[in-house]
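Enquirer: Compact mmCIF, C-alpha atoms, saved as model.txt, coming up:
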```txt
# COMPACT_ATOMS: atom_id res chain seq x y z
CA MET O 1 0.00 0.00 0.00
CA LEU O 2 2.80 2.43 0.92
CA ILE O 3 4.77 1.54 -2.21
CA ALA O 4 1.66 2.10 -4.35
CA ALA O 5 1.18 5.55 -2.76
CA ILE O 6 4.84 6.42 -3.39
CA ARG O 7 4.54 5.23 -7.00
CA GLY O 8 1.39 7.31 -7.40
CA TYR O 9 3.14 10.39 -5.99
CA CYS O 10 6.17 9.91 -8.23
CA ALA O 11 4.03 9.30 -11.33
CA THR O 12 1.99 12.44 -10.59
CA VAL O 13 5.14 14.52 -10.13
CA HIS O 14 6.59 13.16 -13.36
CA TYR O 15 3.38 13.97 -15.23
CA CYS O 16 3.16 17.54 -13.85
CA VAL O 17 6.84 18.29 -14.45
CA ASP O 18 6.65 16.91 -17.98
CA LEU O 19 3.51 18.95 -18.69
CA VAL O 20 5.06 22.19 -17.43
CA GLY O 21 8.37 21.49 -19.19
CA ARG O 22 6.67 20.87 -22.53
CA SER O 23 4.36 23.87 -22.07
CA VAL O 24 7.20 26.25 -21.27
CA ALA O 25 8.89 25.22 -24.51
CA TYR O 26 6.16 27.14 -26.34
CA ILE O 27 7.47 30.39 -24.86
CA MET O 28 10.67 30.02 -26.92
CA PRO O 29 9.10 30.94 -30.30
CA ALA O 30 7.37 33.91 -28.64
CA LEU O 31 10.74 34.99 -27.22
CA ALA O 32 12.28 34.74 -30.69
CA LEU O 33 9.46 36.88 -32.11
CA VAL O 34 9.93 39.56 -29.42
CA VAL O 35 13.67 39.73 -30.09
CA ALA O 36 13.16 39.75 -33.87
CA TYR O 37 10.59 42.52 -33.57
CA GLU O 38 12.97 44.60 -31.43
CA VAL O 39 15.75 44.16 -33.99
CA LEU O 40 13.38 45.19 -36.78
CA ALA O 41 12.08 48.19 -34.82
CA ARG O 42 15.52 49.34 -33.67
CA TYR O 43 17.64 48.88 -36.78
CA PHE O 44 15.21 49.06 -39.69
CA LEU O 45 12.43 51.32 -38.45
CA ASN O 46 14.72 53.43 -36.24
CA HIS O 47 12.10 53.29 -33.48
CA PRO O 48 13.18 50.92 -30.65
CA THR O 49 10.61 49.67 -28.17
CA ILE O 50 10.72 50.34 -24.44
CA TRP O 51 9.32 46.90 -23.56
CA ALA O 52 11.08 44.27 -25.70
CA TYR O 53 14.28 44.01 -23.65
CA ASP O 54 12.47 43.59 -20.34
CA LEU O 55 9.93 41.18 -21.79
CA SER O 56 12.65 39.05 -23.37
CA LEU O 57 14.53 38.91 -20.06
CA PHE O 58 11.41 37.76 -18.23
CA MET O 59 10.54 35.22 -20.91
CA PHE O 60 14.04 33.76 -20.86
CA ALA O 61 13.96 33.58 -17.05
CA TYR O 62 10.64 31.74 -17.19
CA ILE O 63 11.97 29.26 -19.75
CA ALA O 64 15.18 28.59 -17.83
CA ALA O 65 13.65 28.39 -14.36
CA LEU O 66 10.51 26.43 -15.21
CA GLY O 67 12.51 24.08 -17.43
CA GLY O 68 14.85 23.13 -14.58
CA ALA O 69 12.58 20.43 -13.17
CA HIS O 70 12.09 18.99 -16.66
CA ALA O 71 15.87 18.89 -17.12
CA GLN O 72 16.19 17.10 -13.77
CA GLN O 73 13.55 14.59 -14.82
CA ARG O 74 15.47 13.89 -18.04
CA ARG O 75 18.81 13.75 -16.16
CA ALA O 76 20.09 16.62 -18.30
CA HIS O 77 21.87 18.52 -15.53
CA ILE O 78 25.65 18.47 -15.32
CA ASN O 79 27.20 15.41 -13.73
CA VAL O 80 30.78 14.35 -12.99
CA ASP O 81 30.65 11.44 -15.40
CA ILE O 82 34.26 10.35 -15.00
CA LEU O 83 33.44 9.19 -11.47
CA TYR O 84 29.69 8.58 -11.73
CA LEU O 85 29.82 6.22 -14.71
CA ASN O 86 32.61 4.11 -13.22
CA VAL O 87 30.72 2.98 -10.13
CA SER O 88 27.88 0.51 -9.60
CA ALA O 89 24.23 1.50 -9.97
CA ARG O 90 23.78 1.33 -6.18
CA THR O 91 26.72 3.67 -5.62
CA GLN O 92 25.26 5.98 -8.26
CA SER O 93 22.04 5.98 -6.24
CA LEU O 94 24.00 6.97 -3.14
CA PHE O 95 25.62 9.84 -5.08
CA ASN O 96 22.18 10.84 -6.32
CA LEU O 97 20.72 10.83 -2.81
CA LEU O 98 23.47 13.14 -1.56
CA SER O 99 23.26 15.60 -4.45
CA TYR O 100 19.44 15.54 -4.62
CA SER O 101 19.17 16.15 -0.88
CA LEU O 102 21.45 19.17 -1.11
CA ALA O 103 19.55 20.49 -4.12
CA LEU O 104 16.22 19.94 -2.35
CA PHE O 105 17.43 21.94 0.65
CA PHE O 106 18.55 24.73 -1.69
CA MET O 107 15.16 24.76 -3.45
CA LEU O 108 13.37 25.08 -0.11
CA VAL O 109 15.61 28.03 0.78
CA ILE O 110 14.84 29.66 -2.58
CA ILE O 111 11.08 29.19 -2.02
CA ASP O 112 11.36 30.86 1.39
CA ILE O 113 13.40 33.78 0.05
CA SER O 114 11.14 34.17 -2.99
CA TRP O 115 8.07 34.37 -0.76
CA ASP O 116 9.67 37.18 1.25
CA LYS O 117 10.70 38.97 -1.95
CA PHE O 118 7.19 38.58 -3.38
CA ILE O 119 5.64 40.18 -0.29
CA GLU O 120 8.24 42.94 -0.43
CA ALA O 121 7.62 43.54 -4.15
CA ILE O 122 3.88 43.90 -3.53
CA GLU O 123 4.31 46.07 -0.44
CA PHE O 124 6.78 48.49 -2.02
CA ASN O 125 5.50 48.22 -5.61
CA TYR O 126 8.88 47.10 -6.94
CA ARG O 127 9.42 47.62 -10.63
CA ARG O 128 12.28 46.86 -12.95
CA GLN O 129 14.52 49.88 -13.32
CA SER O 130 13.97 50.59 -16.97
CA GLU O 131 11.97 52.97 -19.11
CA TRP O 132 9.06 50.53 -19.30
CA ALA O 133 9.30 49.72 -15.53
CA PRO O 134 7.24 46.52 -15.35
CA HIS O 135 6.18 45.11 -11.97
CA MET O 136 8.49 42.52 -10.42
CA HIS O 137 6.12 40.50 -8.22
CA HIS O 138 5.36 37.96 -10.99
CA PHE O 139 9.04 37.06 -11.12
CA TRP O 140 9.00 35.92 -7.49
CA ILE O 141 5.84 33.88 -8.06
CA MET O 142 7.57 32.16 -10.97
CA SER O 143 10.62 31.57 -8.79
CA MET O 144 8.48 29.87 -6.14
CA VAL O 145 6.65 27.73 -8.71
CA ALA O 146 9.87 26.73 -10.48
CA SER O 147 11.61 25.89 -7.20
CA GLY O 148 8.54 23.99 -6.01
CA LEU O 149 8.45 21.93 -9.20
CA LEU O 150 12.14 21.15 -8.94
CA ALA O 151 11.73 20.29 -5.24
CA ALA O 152 8.88 17.92 -6.12
CA GLN O 153 10.97 16.29 -8.86
CA LEU O 154 13.94 15.96 -6.51
CA SER O 155 11.76 14.40 -3.80
CA SER O 156 10.44 11.93 -6.38
CA ASP O 157 13.98 11.11 -7.46
CA ILE O 158 15.04 10.66 -3.82
CA LEU O 159 12.19 8.22 -3.24
CA ALA O 160 13.07 6.33 -6.44
CA ASP O 161 16.74 6.06 -5.46
CA LEU O 162 15.88 4.96 -1.91
CA TYR O 163 13.57 2.30 -3.31
CA TYR O 164 16.31 1.15 -5.67
CA LEU O 165 18.85 0.97 -2.85
CA LEU O 166 16.51 -1.08 -0.67
CA SER O 167 14.99 -3.38 -3.29
CA GLY O 168 17.34 -3.38 -6.26
CA LYS O 169 14.35 -2.63 -8.50
CA ARG O 170 13.14 0.49 -10.24
CA LEU O 171 10.20 2.29 -8.66
CA LEU O 172 8.68 3.40 -11.96
CA ALA O 173 8.90 1.58 -15.26
CA ASN O 174 10.39 4.61 -17.01
CA ASP O 175 13.16 5.31 -14.48
CA ASN O 176 16.60 5.77 -16.03
CA GLN O 177 18.31 3.64 -13.40
CA GLU O 178 19.73 0.24 -14.23
CA GLU O 179 17.94 -2.76 -12.77
CA ASP O 180 20.98 -4.73 -11.84
CA ASP O 181 23.97 -3.72 -9.79
CA GLU O 182 26.43 -4.77 -12.49
CA HIS O 183 28.21 -2.12 -14.47
```
Using the file provided, produce a representation of the structure as structure tokens.
Expert:
Amino acid sequence: MLIAAIRGYCATVHYCVDLVGRSVAYIMPALALVVAYEVLARYFLNHPTIWAYDLSLFMFAYIAALGGAHAQQRRAHINVDILYLNVSARTQSLFNLLSYSLALFFMLVIIDISWDKFIEAIEFNYRRQSEWAPHMHHFWIMSMVASGLLAAQLSSDILADLYYLLSGKRLLANDNQEEDDEH
């Protein structure tokens, strides 16, 4: 029963992270259009916008931050392969548990700080220091959501690695871990 609940949690996290990661990818063409429009307006029409630079910064931040959990799910983050690939799958799981635990702690710190910054941005009406001067509170909401998604993915990965260490089997059928301890 407990293992079924853990599997259900992990599968739900994987689904949500995959959905957000794929959805955020659609911001990339919009970002390219904003940048292309600014280049056209600035260099060909000699009439630069006051909003394109800020908007492109925010869009890129959204793509990078919200895509972090998807990258974690796909194991696309940087790893020290020279050591990691030369140890057994169980030792890899131990390495994963250590690094995922540290990353999870960091994500929880970022959520806490982002909440304080969000409240501060609302209270003092913080705006980006530019001619357009857009509000900044949405950035801190995105930071909390992105960190929460990554924290959920990390917790799912921690549970999967713990299960693998204890049972020698994968928790989910689509896990990237090897089933046997041989390498």
Enquirer: Contacts of stretch 23-31 of chain O at 8 Å or less, counting only C-alpha atoms, minus same-chain residues fewer than 2 places along, as an MDAnalysis selection string?
Expert: chainID O and resid 19:21 33:35 56 59:60 62:63 66:67
Enquirer: So which one's closest to O:Phe58, O:Leu150, O:Leu102, O:Met142, O:Ala121? Using all atoms listed in the file, please.
Expert: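 Looking at the shortest contact to O:Phe58, the residue is O:Met142.
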Enquirer: Provide the atom CA of O:Tyr163 to atom CA of O:Ile3 distance in Å, to one decimal place.
Expert: 8.9 Å
Enquirer: Quick one: what's the axis-aligned box for stretch 80-83 of chain O, all listed atoms, 5 Å on every side, centre and edges in Å to one decimal, as lines of an AutoDock Vina configuration file?
Expert:
```
center_x = 32.5
center_y = 11.8
center_z = -13.4
size_x = 13.6
size_y = 15.2
size_z = 13.9
```
Enquirer: If we count only C-alpha atoms, what is near stretch 69-82 of chain O at a cut-off of 9 Å, once residues fewer than 5 positions away on the same chain are taken out, given as number ranges by chain?
Expert: O: 14, 17-22, 146-154, 157, 176
Enquirer: So, with all atoms listed in the file as the atoms that count, which of O:Ala52, O:Cys10, O:Leu165, O:Val145 lies closest to O:Ser88?
Expert: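 Of all the options, O:Leu165 lies closest to O:Ser88.
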Enquirer: Work out how far atom CA of O:Val13 is from atom CA of O:Val87, in Å to one decimal.
Expert: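 Separation between atom CA of O:Val87 and atom CA of O:Val13: 28.1 Å.
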Enquirer: Calculate how many Å separate atom CA of O:Ala173 from atom CA of O:Arg7, rounding to one decimal.
Expert: 10.0 Å
Enquirer: For O:Ala103, which residue out of O:Leu45, O:Leu2, O:Ile158, O:Leu85 is the nearest one, using all atoms listed in the file?
Expert: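 Smallest separation from O:Ala103 among the options: O:Ile158.
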Enquirer: Quick one: of O:Ile119, O:Leu162, O:Ala64, O:Ile110, who's nearest to O:Arg90, counting only C-alpha atoms?
Expert: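 Of O:Ile119, O:Leu162, O:Ala64, O:Ile110, the one nearest O:Arg90 is O:Leu162, counting only C-alpha atoms.
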